[in-house]
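Report on the structure given below.
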Amino acid sequence: MSQEKILLTGGSGYVGSHSCVALCEAGYQPVIFDNFSNSSPKILDRLEQITKTKITLVEGDILNFNQIVNVFQQHNIKAVMHFAGCKAVDDSVKNPLKYYRSNVSGSINIIDAMKVSGVDVFIFSSSATIFGDLNVNPISESATFSPKNPYGKTKLFVEEIIADLFGSGCFSNLAALRYFNPVGAHHSGLIGEDPKGVPQNLMPYLAQVAVGRLSKLEIFGRDYPTKDGTGVRDYIHVMDVADAHVATLDYLLSNGGYLPINLGTGNGVSVLELIRTFEKASGHSIPWSFGPRRKGDAAEYYADPSLAKKKLGWSAKRNLDTMCSDMWRWQSENPHGY
Ligand code: NAD
Ligand code: UFG
């Protein structure tokens, strides 16, 4: 068991908060740094209830270099997990500068502050979206990069910065974890995904229909070349993503290196399959209808998770039933979020 302090930028958000729990369970001490632009400080109570630990939360912005350096000065930080950033694809098309600023400049700020503070273990939240619509599945780490929107490009740019830093010898412990589709919630039902406004993603939308906040789901497209005509994705339980962060941290602290890794289950699940599984888990029927395809959507993609298994000894453990039942526990016990 280690008592190392780990900085979680964006640690009060969806993936960061679940990773905070996994880090505590593994004996690390998380320090959360967040500006609450897409989360709430109310999460602290919930995290402390789950972990039975006092968690440090610092309000600050990754665009403010001095605030980050202050955190490094006040806490003896061993490693950084960098979750903070903006993540809405549509918004990135309308407001590209916002994304280049928060995701690229923000990441450079963090890395720069690490450099002046002598911290050299960095784990970056990347995305399967860097691969674009490849039409080659499963997607391995050697697949071609082809992001289709500014959000995806920011993730790829930061990955390229990380690769250059490794090449320069300035940093020797780096990882870029490309999440496929994280869903679900911690099994306690105390923390989960709490999108602002109408959810843009399938699972939170489904959950809000089931709980009665939204009236009906629209399925975007019925004529894709997939098993049932609807879009296919690799849904992965958010606690499996969180566990992968701990496995990556353990690996980097023992072995060092540069790890670009795809995080998925390796299973492709269609929209209709997810609806059926969610109906079973929640005991609610979900009204839905077919609508047109959503612009820019890929038909199908799922990960080749073999490198994660080989390098980290990690693979996803929770199945689709668990993703849906944990999501439902969170949504039904917190119908309006935090
Ligand atoms: P989230 O929005 O729930 O969490 C991000 C957190 O960062 C929020 O708490 C927000 O308040 C904070 N933040 C944003 N800008 C900030 C700033 N300038 N300074 C300080 N804090 C700031 O998102 P998430 O789903 O937890 O995603 C975490 C990371 O993983 C993001 O980088 C996202 O791009 C990436 N990712 C997410 C998914 C997904 O489906 N959830 C998929 C692939 C990659
Ligand atoms: N879908 C619907 N109706 C909805 C919402 C989604 O039918 O109301 C369908 C989509 O067309 C797609 C599937 O459900 O076939 C999944 O869509 P999501 O929006 O949940 O997920 P995406 O794979 O499109 O995108 C998400 C994030 C991206 C990220 C990507 C890979 O939004 O930011 O996963 O990690 F890059």
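Naming works like this for the structure tokens: A, B, ... for the chains as they're shown, residue 1 at the start of each chain, ligands 1 onward in shown order.
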For the interface of stretch 222-286 of chain A with stretch 185-192 of chain A (cut-off 10 Å, counting only C-alpha atoms), please tabulate each contacting residue of stretch 222-286 of chain A alongside its nearest pair of atoms and their separation in Å to one decimal, rows sorted by chain and increasing number, as JSON lines.
```
{"residue": "A:His237", "atom": "CA", "partner": "A:Ala185", "partner_atom": "CA", "distance": 7.4}
{"residue": "A:Val238", "atom": "CA", "partner": "A:Ala185", "partner_atom": "CA", "distance": 6.3}
{"residue": "A:Met239", "atom": "CA", "partner": "A:His186", "partner_atom": "CA", "distance": 6.5}
```
**Message:** Distance limit 8 Å, reference ligand 2, atoms considered: only C-alpha atoms and all ligand atoms. Which residues make the cut? Give them as a PyMOL selection string.
**Reply:** chain A and resi 87-89+127-130+151-152+178-182+199-203+205-206+217-221+230-233+270-271+293-294+297-300
Next, write the just-selected residues to a file, as a short mmCIF file (atom, residue, chain, number, x, y, z; two decimals), in the first residue's frame, keeping N, CA and C atoms as the atom set.
```cif
data_model
loop_
_atom_site.label_atom_id
_atom_site.label_comp_id
_atom_site.auth_asym_id
_atom_site.auth_seq_id
_atom_site.Cartn_x
_atom_site.Cartn_y
_atom_site.Cartn_z
N LYS A 87 -15.55 18.41 -23.29
CA LYS A 87 -15.69 17.12 -23.97
C LYS A 87 -16.89 17.00 -24.91
N ALA A 88 -17.59 18.10 -25.19
CA ALA A 88 -18.79 17.97 -26.02
C ALA A 88 -18.44 18.18 -27.50
N VAL A 89 -18.65 17.14 -28.29
CA VAL A 89 -18.23 17.17 -29.69
C VAL A 89 -18.89 18.33 -30.45
N SER A 127 -9.09 9.77 -25.91
CA SER A 127 -10.41 9.28 -26.33
C SER A 127 -10.29 8.46 -27.60
N ALA A 128 -11.19 7.48 -27.73
CA ALA A 128 -11.26 6.69 -28.95
C ALA A 128 -11.59 7.56 -30.15
N THR A 129 -12.07 8.76 -29.89
CA THR A 129 -12.45 9.65 -30.98
C THR A 129 -11.25 10.06 -31.83
N ILE A 130 -10.01 9.86 -31.33
CA ILE A 130 -8.83 10.19 -32.15
C ILE A 130 -8.74 9.29 -33.39
N TYR A 151 -12.72 18.63 -30.96
CA TYR A 151 -12.51 17.92 -29.69
C TYR A 151 -11.51 16.78 -29.89
N GLY A 152 -11.76 15.95 -30.91
CA GLY A 152 -10.88 14.81 -31.17
C GLY A 152 -9.47 15.27 -31.53
N ARG A 178 -6.95 5.92 -24.02
CA ARG A 178 -8.04 6.27 -24.95
C ARG A 178 -9.30 5.52 -24.51
N TYR A 179 -10.18 6.25 -23.83
CA TYR A 179 -11.42 5.61 -23.37
C TYR A 179 -12.33 5.39 -24.58
N PHE A 180 -13.00 4.24 -24.60
CA PHE A 180 -14.07 4.04 -25.57
C PHE A 180 -15.33 4.69 -24.97
N ASN A 181 -16.35 3.98 -24.58
CA ASN A 181 -17.55 4.68 -24.08
C ASN A 181 -17.79 4.38 -22.60
N PRO A 182 -17.23 5.19 -21.68
CA PRO A 182 -17.45 4.94 -20.26
C PRO A 182 -18.91 5.18 -19.87
N PRO A 199 -28.81 15.40 -21.83
CA PRO A 199 -27.63 14.58 -22.13
C PRO A 199 -27.43 14.40 -23.64
N GLN A 200 -26.19 14.42 -24.07
CA GLN A 200 -25.86 14.23 -25.48
C GLN A 200 -25.54 12.76 -25.77
N ASN A 201 -25.27 12.00 -24.70
CA ASN A 201 -24.83 10.61 -24.89
C ASN A 201 -25.94 9.63 -24.55
N LEU A 202 -25.83 8.46 -25.14
CA LEU A 202 -26.93 7.50 -25.07
C LEU A 202 -27.28 7.06 -23.64
N MET A 203 -26.30 6.60 -22.88
CA MET A 203 -26.62 6.01 -21.57
C MET A 203 -27.28 7.01 -20.61
N TYR A 205 -28.95 9.58 -21.39
CA TYR A 205 -30.27 9.92 -21.96
C TYR A 205 -31.28 8.82 -21.60
N LEU A 206 -30.87 7.57 -21.84
CA LEU A 206 -31.73 6.42 -21.51
C LEU A 206 -32.16 6.45 -20.04
N LEU A 217 -36.72 8.35 -26.08
CA LEU A 217 -35.39 8.31 -26.70
C LEU A 217 -35.55 8.28 -28.21
N GLU A 218 -34.70 9.05 -28.91
CA GLU A 218 -34.66 8.94 -30.36
C GLU A 218 -33.41 8.14 -30.72
N ILE A 219 -33.58 7.10 -31.51
CA ILE A 219 -32.42 6.32 -31.97
C ILE A 219 -31.94 6.94 -33.28
N PHE A 220 -30.66 7.35 -33.26
CA PHE A 220 -30.11 8.06 -34.42
C PHE A 220 -29.67 7.07 -35.50
N GLY A 221 -30.58 6.71 -36.38
CA GLY A 221 -30.23 5.87 -37.52
C GLY A 221 -30.63 4.42 -37.33
N THR A 230 -28.50 -0.37 -35.98
CA THR A 230 -28.24 0.79 -35.10
C THR A 230 -26.74 0.84 -34.76
N GLY A 231 -26.29 2.00 -34.29
CA GLY A 231 -24.87 2.22 -34.04
C GLY A 231 -24.32 1.26 -32.97
N VAL A 232 -23.08 0.83 -33.17
CA VAL A 232 -22.44 -0.11 -32.24
C VAL A 232 -21.24 0.55 -31.58
N ARG A 233 -21.15 0.41 -30.23
CA ARG A 233 -20.06 1.02 -29.46
C ARG A 233 -19.53 0.02 -28.44
N SER A 270 -25.01 -2.78 -29.69
CA SER A 270 -25.83 -1.85 -30.49
C SER A 270 -26.74 -1.02 -29.57
N VAL A 271 -27.31 0.05 -30.15
CA VAL A 271 -28.24 0.89 -29.38
C VAL A 271 -29.41 0.04 -28.88
N ARG A 293 -29.93 9.61 -38.89
CA ARG A 293 -28.57 9.49 -38.36
C ARG A 293 -28.12 10.82 -37.78
N ARG A 294 -27.26 10.77 -36.75
CA ARG A 294 -26.66 12.00 -36.22
C ARG A 294 -25.41 12.30 -37.06
N ASP A 297 -21.61 10.68 -36.91
CA ASP A 297 -21.55 9.43 -36.15
C ASP A 297 -20.91 8.30 -36.95
N ALA A 298 -20.09 7.50 -36.30
CA ALA A 298 -19.55 6.29 -36.92
C ALA A 298 -20.58 5.18 -36.76
N ALA A 299 -20.56 4.20 -37.68
CA ALA A 299 -21.48 3.07 -37.58
C ALA A 299 -21.11 2.19 -36.39
N GLU A 300 -19.83 1.87 -36.31
CA GLU A 300 -19.44 0.83 -35.34
C GLU A 300 -17.99 1.04 -34.93
#
```
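These are the residues of stretch 125-195 of chain A assigned helix (DSSP H, G or I) by DSSP from backbone coordinates: A:Ala128, A:Thr129, A:Ile130, A:Phe131, A:Pro150, A:Tyr151, A:Gly152, A:Lys153, A:Thr154, A:Lys155, A:Leu156, A:Phe157, A:Val158, A:Glu159, A:Glu160, A:Ile161, A:Ile162, A:Ala163, A:Asp164, A:Leu165, A:Phe166, A:Gly167, A:Ser168.
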**Request:** Would you list the contacts of A:Ser315 as a list in words, taking every protein, DNA or RNA residue within 9 Å and counting only C-alpha atoms, but skipping same-chain residues closer than 4 positions in sequence?
**Result:** Asp240, Ala244, Leu263, Gly264, Thr265, Pro305, Ser306, Ala308 and Lys309 of chain A
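Coordinates place atom CA of A:Ser215 at a distance of 23.0 Å from atom 40 (O, counted along the ligand's line) of ligand 1.
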Neighbouring residues of ligand 1 are defined here as those with any atom at most 9 Å from a ligand atom, counting only C-alpha atoms and all ligand atoms; list them as a PDB file with N, CA and C atoms, in the first residue's frame.
```pdb
ATOM      1  N   THR A   9      -6.579  16.437 -11.899  1.00  0.00           N
ATOM      2  CA  THR A   9      -7.227  17.612 -12.474  1.00  0.00           C
ATOM      3  C   THR A   9      -8.590  17.149 -12.985  1.00  0.00           C
ATOM      4  N   GLY A  10      -9.621  17.936 -12.773  1.00  0.00           N
ATOM      5  CA  GLY A  10     -10.962  17.501 -13.193  1.00  0.00           C
ATOM      6  C   GLY A  10     -11.453  16.321 -12.360  1.00  0.00           C
ATOM      7  N   GLY A  11     -10.926  16.199 -11.142  1.00  0.00           N
ATOM      8  CA  GLY A  11     -11.221  15.027 -10.312  1.00  0.00           C
ATOM      9  C   GLY A  11     -12.618  15.009  -9.730  1.00  0.00           C
ATOM     10  N   SER A  12     -13.385  16.111  -9.839  1.00  0.00           N
ATOM     11  CA  SER A  12     -14.764  16.031  -9.362  1.00  0.00           C
ATOM     12  C   SER A  12     -15.733  15.717 -10.499  1.00  0.00           C
ATOM     13  N   GLY A  13     -15.213  15.531 -11.715  1.00  0.00           N
ATOM     14  CA  GLY A  13     -16.061  15.133 -12.837  1.00  0.00           C
ATOM     15  C   GLY A  13     -16.352  13.630 -12.827  1.00  0.00           C
ATOM     16  N   TYR A  14     -16.943  13.170 -13.910  1.00  0.00           N
ATOM     17  CA  TYR A  14     -17.448  11.788 -13.977  1.00  0.00           C
ATOM     18  C   TYR A  14     -16.319  10.748 -13.844  1.00  0.00           C
ATOM     19  N   VAL A  15     -15.380  10.741 -14.757  1.00  0.00           N
ATOM     20  CA  VAL A  15     -14.336   9.701 -14.707  1.00  0.00           C
ATOM     21  C   VAL A  15     -13.368   9.977 -13.552  1.00  0.00           C
ATOM     22  N   GLY A  16     -13.066  11.263 -13.311  1.00  0.00           N
ATOM     23  CA  GLY A  16     -12.126  11.615 -12.251  1.00  0.00           C
ATOM     24  C   GLY A  16     -12.620  11.192 -10.869  1.00  0.00           C
ATOM     25  N   SER A  17     -13.920  11.375 -10.597  1.00  0.00           N
ATOM     26  CA  SER A  17     -14.430  11.042  -9.258  1.00  0.00           C
ATOM     27  C   SER A  17     -14.383   9.530  -9.021  1.00  0.00           C
ATOM     28  N   HIS A  18     -14.694   8.746 -10.050  1.00  0.00           N
ATOM     29  CA  HIS A  18     -14.625   7.286  -9.890  1.00  0.00           C
ATOM     30  C   HIS A  18     -13.163   6.828  -9.746  1.00  0.00           C
ATOM     31  N   PHE A  33      -8.224  18.813  -8.167  1.00  0.00           N
ATOM     32  CA  PHE A  33      -8.094  20.213  -8.615  1.00  0.00           C
ATOM     33  C   PHE A  33      -9.129  20.422  -9.703  1.00  0.00           C
ATOM     34  N   ASP A  34     -10.111  21.308  -9.460  1.00  0.00           N
ATOM     35  CA  ASP A  34     -11.228  21.428 -10.409  1.00  0.00           C
ATOM     36  C   ASP A  34     -11.808  22.831 -10.327  1.00  0.00           C
ATOM     37  N   ASN A  35     -12.299  23.341 -11.445  1.00  0.00           N
ATOM     38  CA  ASN A  35     -12.948  24.667 -11.404  1.00  0.00           C
ATOM     39  C   ASN A  35     -14.474  24.559 -11.376  1.00  0.00           C
ATOM     40  N   PHE A  36     -14.998  23.343 -11.307  1.00  0.00           N
ATOM     41  CA  PHE A  36     -16.444  23.062 -11.220  1.00  0.00           C
ATOM     42  C   PHE A  36     -17.226  23.604 -12.406  1.00  0.00           C
ATOM     43  N   SER A  37     -16.570  23.753 -13.556  1.00  0.00           N
ATOM     44  CA  SER A  37     -17.303  24.230 -14.734  1.00  0.00           C
ATOM     45  C   SER A  37     -18.283  23.156 -15.206  1.00  0.00           C
ATOM     46  N   ASN A  38     -17.986  21.886 -14.906  1.00  0.00           N
ATOM     47  CA  ASN A  38     -18.923  20.827 -15.313  1.00  0.00           C
ATOM     48  C   ASN A  38     -19.112  19.820 -14.185  1.00  0.00           C
ATOM     49  N   SER A  39     -19.060  20.291 -12.955  1.00  0.00           N
ATOM     50  CA  SER A  39     -19.239  19.388 -11.803  1.00  0.00           C
ATOM     51  C   SER A  39     -19.595  20.234 -10.594  1.00  0.00           C
ATOM     52  N   SER A  40     -19.760  19.549  -9.456  1.00  0.00           N
ATOM     53  CA  SER A  40     -20.190  20.277  -8.262  1.00  0.00           C
ATOM     54  C   SER A  40     -19.307  19.894  -7.077  1.00  0.00           C
ATOM     55  N   PRO A  41     -18.970  20.893  -6.218  1.00  0.00           N
ATOM     56  CA  PRO A  41     -18.184  20.560  -5.025  1.00  0.00           C
ATOM     57  C   PRO A  41     -18.945  19.650  -4.065  1.00  0.00           C
ATOM     58  N   GLU A  59     -10.052  24.293  -5.376  1.00  0.00           N
ATOM     59  CA  GLU A  59     -10.746  24.922  -6.496  1.00  0.00           C
ATOM     60  C   GLU A  59      -9.730  25.718  -7.310  1.00  0.00           C
ATOM     61  N   GLY A  60      -9.659  25.446  -8.604  1.00  0.00           N
ATOM     62  CA  GLY A  60      -8.694  26.166  -9.433  1.00  0.00           C
ATOM     63  C   GLY A  60      -8.876  25.802 -10.895  1.00  0.00           C
ATOM     64  N   ASP A  61      -8.160  26.554 -11.741  1.00  0.00           N
ATOM     65  CA  ASP A  61      -8.340  26.408 -13.188  1.00  0.00           C
ATOM     66  C   ASP A  61      -7.029  25.980 -13.825  1.00  0.00           C
ATOM     67  N   ILE A  62      -7.086  24.988 -14.704  1.00  0.00           N
ATOM     68  CA  ILE A  62      -5.840  24.535 -15.336  1.00  0.00           C
ATOM     69  C   ILE A  62      -5.255  25.601 -16.273  1.00  0.00           C
ATOM     70  N   LEU A  63      -6.058  26.631 -16.574  1.00  0.00           N
ATOM     71  CA  LEU A  63      -5.514  27.704 -17.413  1.00  0.00           C
ATOM     72  C   LEU A  63      -4.700  28.703 -16.588  1.00  0.00           C
ATOM     73  N   ASN A  64      -4.734  28.544 -15.260  1.00  0.00           N
ATOM     74  CA  ASN A  64      -3.993  29.439 -14.371  1.00  0.00           C
ATOM     75  C   ASN A  64      -2.731  28.715 -13.878  1.00  0.00           C
ATOM     76  N   HIS A  82      -4.658  13.588 -15.540  1.00  0.00           N
ATOM     77  CA  HIS A  82      -5.198  14.828 -16.113  1.00  0.00           C
ATOM     78  C   HIS A  82      -6.538  14.569 -16.824  1.00  0.00           C
ATOM     79  N   PHE A  83      -7.634  14.759 -16.058  1.00  0.00           N
ATOM     80  CA  PHE A  83      -8.991  14.550 -16.594  1.00  0.00           C
ATOM     81  C   PHE A  83      -9.616  15.859 -17.076  1.00  0.00           C
ATOM     82  N   ALA A  84      -9.158  17.003 -16.550  1.00  0.00           N
ATOM     83  CA  ALA A  84      -9.866  18.271 -16.804  1.00  0.00           C
ATOM     84  C   ALA A  84      -9.883  18.622 -18.285  1.00  0.00           C
ATOM     85  N   GLY A  85     -10.990  19.187 -18.712  1.00  0.00           N
ATOM     86  CA  GLY A  85     -11.101  19.621 -20.103  1.00  0.00           C
ATOM     87  C   GLY A  85     -12.557  19.667 -20.511  1.00  0.00           C
ATOM     88  N   CYS A  86     -12.775  20.108 -21.743  1.00  0.00           N
ATOM     89  CA  CYS A  86     -14.137  20.149 -22.285  1.00  0.00           C
ATOM     90  C   CYS A  86     -14.309  18.953 -23.201  1.00  0.00           C
ATOM     91  N   LYS A  87     -15.548  18.412 -23.291  1.00  0.00           N
ATOM     92  CA  LYS A  87     -15.688  17.120 -23.974  1.00  0.00           C
ATOM     93  C   LYS A  87     -16.891  16.996 -24.906  1.00  0.00           C
ATOM     94  N   ALA A  88     -17.589  18.105 -25.187  1.00  0.00           N
ATOM     95  CA  ALA A  88     -18.794  17.970 -26.021  1.00  0.00           C
ATOM     96  C   ALA A  88     -18.439  18.184 -27.498  1.00  0.00           C
ATOM     97  N   ARG A 101      -8.050  25.947 -26.291  1.00  0.00           N
ATOM     98  CA  ARG A 101      -7.549  26.619 -25.081  1.00  0.00           C
ATOM     99  C   ARG A 101      -7.577  25.664 -23.888  1.00  0.00           C
ATOM    100  N   SER A 102      -8.770  25.120 -23.595  1.00  0.00           N
ATOM    101  CA  SER A 102      -8.856  24.321 -22.355  1.00  0.00           C
ATOM    102  C   SER A 102      -8.117  22.988 -22.498  1.00  0.00           C
ATOM    103  N   ASN A 103      -8.249  22.342 -23.628  1.00  0.00           N
ATOM    104  CA  ASN A 103      -7.684  20.986 -23.729  1.00  0.00           C
ATOM    105  C   ASN A 103      -6.205  20.985 -24.108  1.00  0.00           C
ATOM    106  N   GLY A 106      -4.433  24.108 -21.700  1.00  0.00           N
ATOM    107  CA  GLY A 106      -4.568  23.631 -20.311  1.00  0.00           C
ATOM    108  C   GLY A 106      -3.604  22.479 -20.029  1.00  0.00           C
ATOM    109  N   PHE A 124      -2.828  10.835 -19.101  1.00  0.00           N
ATOM    110  CA  PHE A 124      -3.730  11.741 -19.824  1.00  0.00           C
ATOM    111  C   PHE A 124      -5.013  11.024 -20.249  1.00  0.00           C
ATOM    112  N   SER A 125      -6.166  11.707 -20.059  1.00  0.00           N
ATOM    113  CA  SER A 125      -7.458  11.180 -20.520  1.00  0.00           C
ATOM    114  C   SER A 125      -7.605  11.462 -22.008  1.00  0.00           C
ATOM    115  N   SER A 126      -7.320  10.457 -22.823  1.00  0.00           N
ATOM    116  CA  SER A 126      -7.528  10.615 -24.257  1.00  0.00           C
ATOM    117  C   SER A 126      -8.841   9.921 -24.635  1.00  0.00           C
ATOM    118  N   SER A 127      -9.087   9.770 -25.912  1.00  0.00           N
ATOM    119  CA  SER A 127     -10.406   9.282 -26.332  1.00  0.00           C
ATOM    120  C   SER A 127     -10.295   8.462 -27.603  1.00  0.00           C
ATOM    121  N   ALA A 128     -11.186   7.482 -27.726  1.00  0.00           N
ATOM    122  CA  ALA A 128     -11.260   6.690 -28.954  1.00  0.00           C
ATOM    123  C   ALA A 128     -11.595   7.557 -30.155  1.00  0.00           C
ATOM    124  N   THR A 129     -12.075   8.758 -29.885  1.00  0.00           N
ATOM    125  CA  THR A 129     -12.455   9.650 -30.975  1.00  0.00           C
ATOM    126  C   THR A 129     -11.246  10.058 -31.827  1.00  0.00           C
ATOM    127  N   TYR A 151     -12.723  18.633 -30.964  1.00  0.00           N
ATOM    128  CA  TYR A 151     -12.506  17.922 -29.695  1.00  0.00           C
ATOM    129  C   TYR A 151     -11.506  16.778 -29.891  1.00  0.00           C
ATOM    130  N   GLY A 152     -11.764  15.950 -30.911  1.00  0.00           N
ATOM    131  CA  GLY A 152     -10.880  14.807 -31.172  1.00  0.00           C
ATOM    132  C   GLY A 152      -9.467  15.266 -31.528  1.00  0.00           C
ATOM    133  N   LYS A 155      -7.399  16.075 -28.484  1.00  0.00           N
ATOM    134  CA  LYS A 155      -6.890  14.879 -27.793  1.00  0.00           C
ATOM    135  C   LYS A 155      -5.655  14.345 -28.519  1.00  0.00           C
ATOM    136  N   LEU A 177      -4.539   7.320 -22.126  1.00  0.00           N
ATOM    137  CA  LEU A 177      -5.548   6.257 -22.086  1.00  0.00           C
ATOM    138  C   LEU A 177      -6.715   6.680 -22.957  1.00  0.00           C
ATOM    139  N   ARG A 178      -6.945   5.922 -24.025  1.00  0.00           N
ATOM    140  CA  ARG A 178      -8.042   6.266 -24.948  1.00  0.00           C
ATOM    141  C   ARG A 178      -9.295   5.517 -24.505  1.00  0.00           C
ATOM    142  N   TYR A 179     -10.182   6.254 -23.827  1.00  0.00           N
ATOM    143  CA  TYR A 179     -11.421   5.611 -23.374  1.00  0.00           C
ATOM    144  C   TYR A 179     -12.328   5.391 -24.577  1.00  0.00           C
ATOM    145  N   PHE A 180     -12.996   4.242 -24.598  1.00  0.00           N
ATOM    146  CA  PHE A 180     -14.071   4.042 -25.570  1.00  0.00           C
ATOM    147  C   PHE A 180     -15.326   4.691 -24.974  1.00  0.00           C
ATOM    148  N   ASN A 181     -16.354   3.978 -24.579  1.00  0.00           N
ATOM    149  CA  ASN A 181     -17.551   4.683 -24.079  1.00  0.00           C
ATOM    150  C   ASN A 181     -17.793   4.379 -22.597  1.00  0.00           C
ATOM    151  N   PRO A 182     -17.234   5.195 -21.684  1.00  0.00           N
ATOM    152  CA  PRO A 182     -17.449   4.937 -20.257  1.00  0.00           C
ATOM    153  C   PRO A 182     -18.910   5.182 -19.868  1.00  0.00           C
ATOM    154  N   VAL A 183     -19.481   4.235 -19.145  1.00  0.00           N
ATOM    155  CA  VAL A 183     -20.880   4.344 -18.681  1.00  0.00           C
ATOM    156  C   VAL A 183     -20.985   3.742 -17.279  1.00  0.00           C
ATOM    157  N   GLU A 193     -22.724   9.823 -13.324  1.00  0.00           N
ATOM    158  CA  GLU A 193     -22.643  10.864 -14.350  1.00  0.00           C
ATOM    159  C   GLU A 193     -23.797  11.842 -14.160  1.00  0.00           C
ATOM    160  N   ASP A 194     -23.479  13.145 -14.179  1.00  0.00           N
ATOM    161  CA  ASP A 194     -24.486  14.165 -13.890  1.00  0.00           C
ATOM    162  C   ASP A 194     -24.379  15.275 -14.936  1.00  0.00           C
ATOM    163  N   PRO A 195     -24.784  14.973 -16.179  1.00  0.00           N
ATOM    164  CA  PRO A 195     -24.587  15.963 -17.244  1.00  0.00           C
ATOM    165  C   PRO A 195     -25.440  17.203 -17.034  1.00  0.00           C
ATOM    166  N   ASN A 201     -25.274  12.000 -24.702  1.00  0.00           N
ATOM    167  CA  ASN A 201     -24.833  10.612 -24.889  1.00  0.00           C
ATOM    168  C   ASN A 201     -25.941   9.628 -24.547  1.00  0.00           C
ATOM    169  N   VAL A 238     -17.447   2.577 -15.879  1.00  0.00           N
ATOM    170  CA  VAL A 238     -16.549   3.655 -15.459  1.00  0.00           C
ATOM    171  C   VAL A 238     -15.602   3.197 -14.338  1.00  0.00           C
TER     172      VAL A 238
END
```
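For the pair atom CA of A:Phe145 and atom CA of A:Leu252, the separation is 24.5 Å.
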